[in-house]
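Enquirer: One structure is given below, represented as structure tokens, and several questions about it will come after.
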Protein chains: 2
Amino acid sequence: MIQNQIINGIKAGDTLALAKGITLVESQKPEHRKQAFELVSALYDHRKDSIRLGITGIPGVGKSTFIESLGTHITKQGLRLAVLAIDPSSSRTAGSILGDKTRMEELSRNEMAFIRPSPSSGTLGGVSARTRESMLMCEAAGYDVILIETVGVGQSETEVINITDTFIMLGMPGTGDELQGIKRGIMETADLIVINKADGDNVTPAKRAKSQIEMALHLFPAAESDWGPKVMLASGLHGNGVKECWNNLVDRQSTINNNGWLLQNRKRQQSRAFQRLAELSIYEQMMHQLNHQKELSLIQAELQSGEINEFEATLSLLQLIS
Amino acid sequence: MIQNQIINGIKAGDTLALAKGITLVESQKPEHRKQAFELVSALYDHRKDSIRLGITGIPGVGKSTFIESLGTHITKQGLRLAVLAIDPSSSRTAGSILGDKTRMEELSRNEMAFIRPSPSSGTLGGVSARTRESMLMCEAAGYDVILIETVGVGQSETEVINITDTFIMLGMPGTGDELQGIKRGIMETADLIVINKADGDNVTPAKRAKSQIEMALHLFPAAESDWGPKVMLASGLHGNGVKECWNNLVDRQSTINNNGWLLQNRKRQQSRAFQRLAELSIYEQMMHQLNHQKELSLIQAELQSGEINEFEATLSLLQLIS
């Protein structure tokens with residue numbers, strides 16, 4: 001499919017074209033980078049004003065089931081939903097646990113939904129640049145809600161916060177008062193904390209965890225966005241709380257739209273994205289132009305073994321391009 | 001002073017040479033970057049195995065007084081202390097609030113202590129790269145403890161966490177149960193939370209805040225380093241709790257040394273530092289070599305005004321170097 005066909009296809013909401021576009025921006029081949037920039041740029045002004053959500057939760061908290069339930073509810077409102085799943089454990093060749101479409105069986109058969117797993121390993125500069133580009137293309141394809149999912153390990157949460165408007169954290173009741181499945185440094189940055197699996201015997205511990213977390217959050221200063229963090233109970237399996245979760249998200253979207261935070265935050269994200277694009281694409285271009293990937297690998301190996309320090313490594317690299 | 005004199009001076013612990021070395025790594029002139037790398041590299045294997053501390057607290061929590069008190073206690077143990085203060089509000093020309101030496105009067109007259117404010121505005125890629133280089137030079141100059149101070153605004157805390165072993169957060173009692181002066185997203189990442197100004201009428205609210213925070217922290221999973229977070233009361237003004245604070249820091253250092261976390265974390269920090277050095281120095285070198293700073297400013301202005309999007313901006317930039 002040539003570039004123009006992809007562009008027109010995406011504008012028309014064709015999922016095959018969208019998938020091809022995402023494959024292009026995800027390509028690790030340096031010669032594809034410029035094409036990817038041109039593609040996203042051509043679609044930039046045709047984007048829908050979407051709701052950009054990030055969601056995190058480690059394996060075991062019932063994230064797939066919750067997303068399936070929330071996603072189905074969203075599409076029932078007549079809204080088109082794109083789920084971009086970042087899986088740091090996978091690589092392009094090894095296949096991805098998130099790639100398993102049976103993970104969200106109902107949603108993957110839903111014509112209003114588009115699900116796309118993105119392997120992140122080996123991506124220079126983290127996942128956010130490429131995922132951001134995929135997100136912008138989903139907006140150009142007319143999706144109303146973009147949900148970016150991470151498995152809650154590594155640095156991916158911070159990166160997702162840097163490209164979305166709202167960050168949802170999924171946990172589950174623990175054996176005591178605590179919330180299971182949360183990672184240090186995440187709870188404070190969440191806009192919405194959902195205690196999942198709040199069903200059956202779990203209801204009491206879930207309620208206890210909720211009030212504990214609310215007390216803890218009340219020690220922190222108010223969020224800059226002026227909405228949240230809110231804590232709520234849900235059961236992805238039985239669908240309880242899913243509607244309320246969506247209502248909260250809509251309420252937040254309206255607040256941050258009206259108070260100007262959304263625009264301000266997106267502007268900030270755009271500047272940041274450009275700075276990273278500039279640094280990384282020049283770096284990639286230089287490495288590519290000079291065909292120095294081999295030398296770079298050698299330098300990295302010497303650094304890893306302690307043979308050279310990071311400054312000697314940088315000097316060697318600069319030597320290559322001068 | 002020529003490069004060799006600076007190197008030998010720093011190795012001998014000469015503070016004038018150290019100050020000149022820091023000025024070199026802080027220089028915004030692209031032609032100084034390579035010299036800075038060579039300087040730090042030459043000193044790299046002469047470094048002391050120092051304790052690297054980060055400390056944050058917004059203006060008003062009594063940070064200077066606390067650092068003065070803690071710093072004096074540290075030097076009384078026969079240890080040499082370097083304080084590197086990052087002030088994002090200042091610029092090279094405008095002078096710095098942290099540059100005011102009278103801020104830590106006693107410490108600035110102490111021969112065992114070295115205080116250096118670092119203006120951070122306008123530094124490409126944030127403060128951490130340059131501050132990390134200054135820190136390594138302080139270690140080569142024989143300082144036992146490096147304390148990196150931030151004023152608790154912007155992204156500087158995250159950056160400081162990326163270059164230190166231990167992160168201290170300073171707050172003060174509020175009017176209710178809360179801790180004043182903390183920022184969202186920080187508390188969870190702190191290893192030691194010090195409630196300062198716990199004196200006089202403040203003692204009762206400070207104790208209340210302490211137990212509230214301890215309860216909140218107990219909801220989070222254990223720190224990867226296996227030490228902390230701990231919460232303690234102190235009065236920088238009267239010196240209460242300062243000794244206990246230092247004992248805690250020594251205890252943590254011994255724990256993370258023995259369990260291997262320190263080494264593992266520093267290795268991770270080194271890889272990260274190299275990746276950033278590589279990206280940024282190639283970017284800077286290209287911008288400099290081609291003398292394109294003017295074009296870059298123009299591109300940034302067009303992006304800011306919305307005339308072009310970030311991908312068009314990146315394509316224009318790539319056009320310049322190809």
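Residue numbering restarts at 1 for every chain of the structure tokens, chains are lettered A, B, ... in their displayed order, and ligands are numbered from 1 as they appear.
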Do me a favour and pick out the residues of chain B within 6 Å of chain A, using only C-alpha atoms, as a PyMOL selection string.

Expert: chain B and resi 37+41+178+184-185+188-189+216+219+274+278-279+283+310-311+314

Enquirer: Quick one: residues within 12 Å of Lys76 of chain A, only C-alpha atoms counted, chain neighbours fewer than 4 positions away excluded, as a count of residues only?

Expert: 13

Enquirer: Please report the interatomic distance between atom CA of Ala234 of chain B and atom CA of Phe167 of chain B in Å with one decimal.

Expert: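 If I compute the distance from atom CA of Ala234 of chain B to atom CA of Phe167 of chain B, I get 16.4 Å.
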
Enquirer: If you run DSSP on the backbone, which residues of segment 106-236 of chain B are strand (DSSP E or B), as a PyMOL selection string?

Expert: chain B and resi 113-119+145-150+166-173+179-180+192-195+230-233+235

Enquirer: To one decimal in Å, tell me the separation between atom CA of Leu290 of chain A and atom CA of Leu298 of chain B.

Expert: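 For atom CA of Leu290 of chain A relative to atom CA of Leu298 of chain B, the distance reads 27.8 Å.
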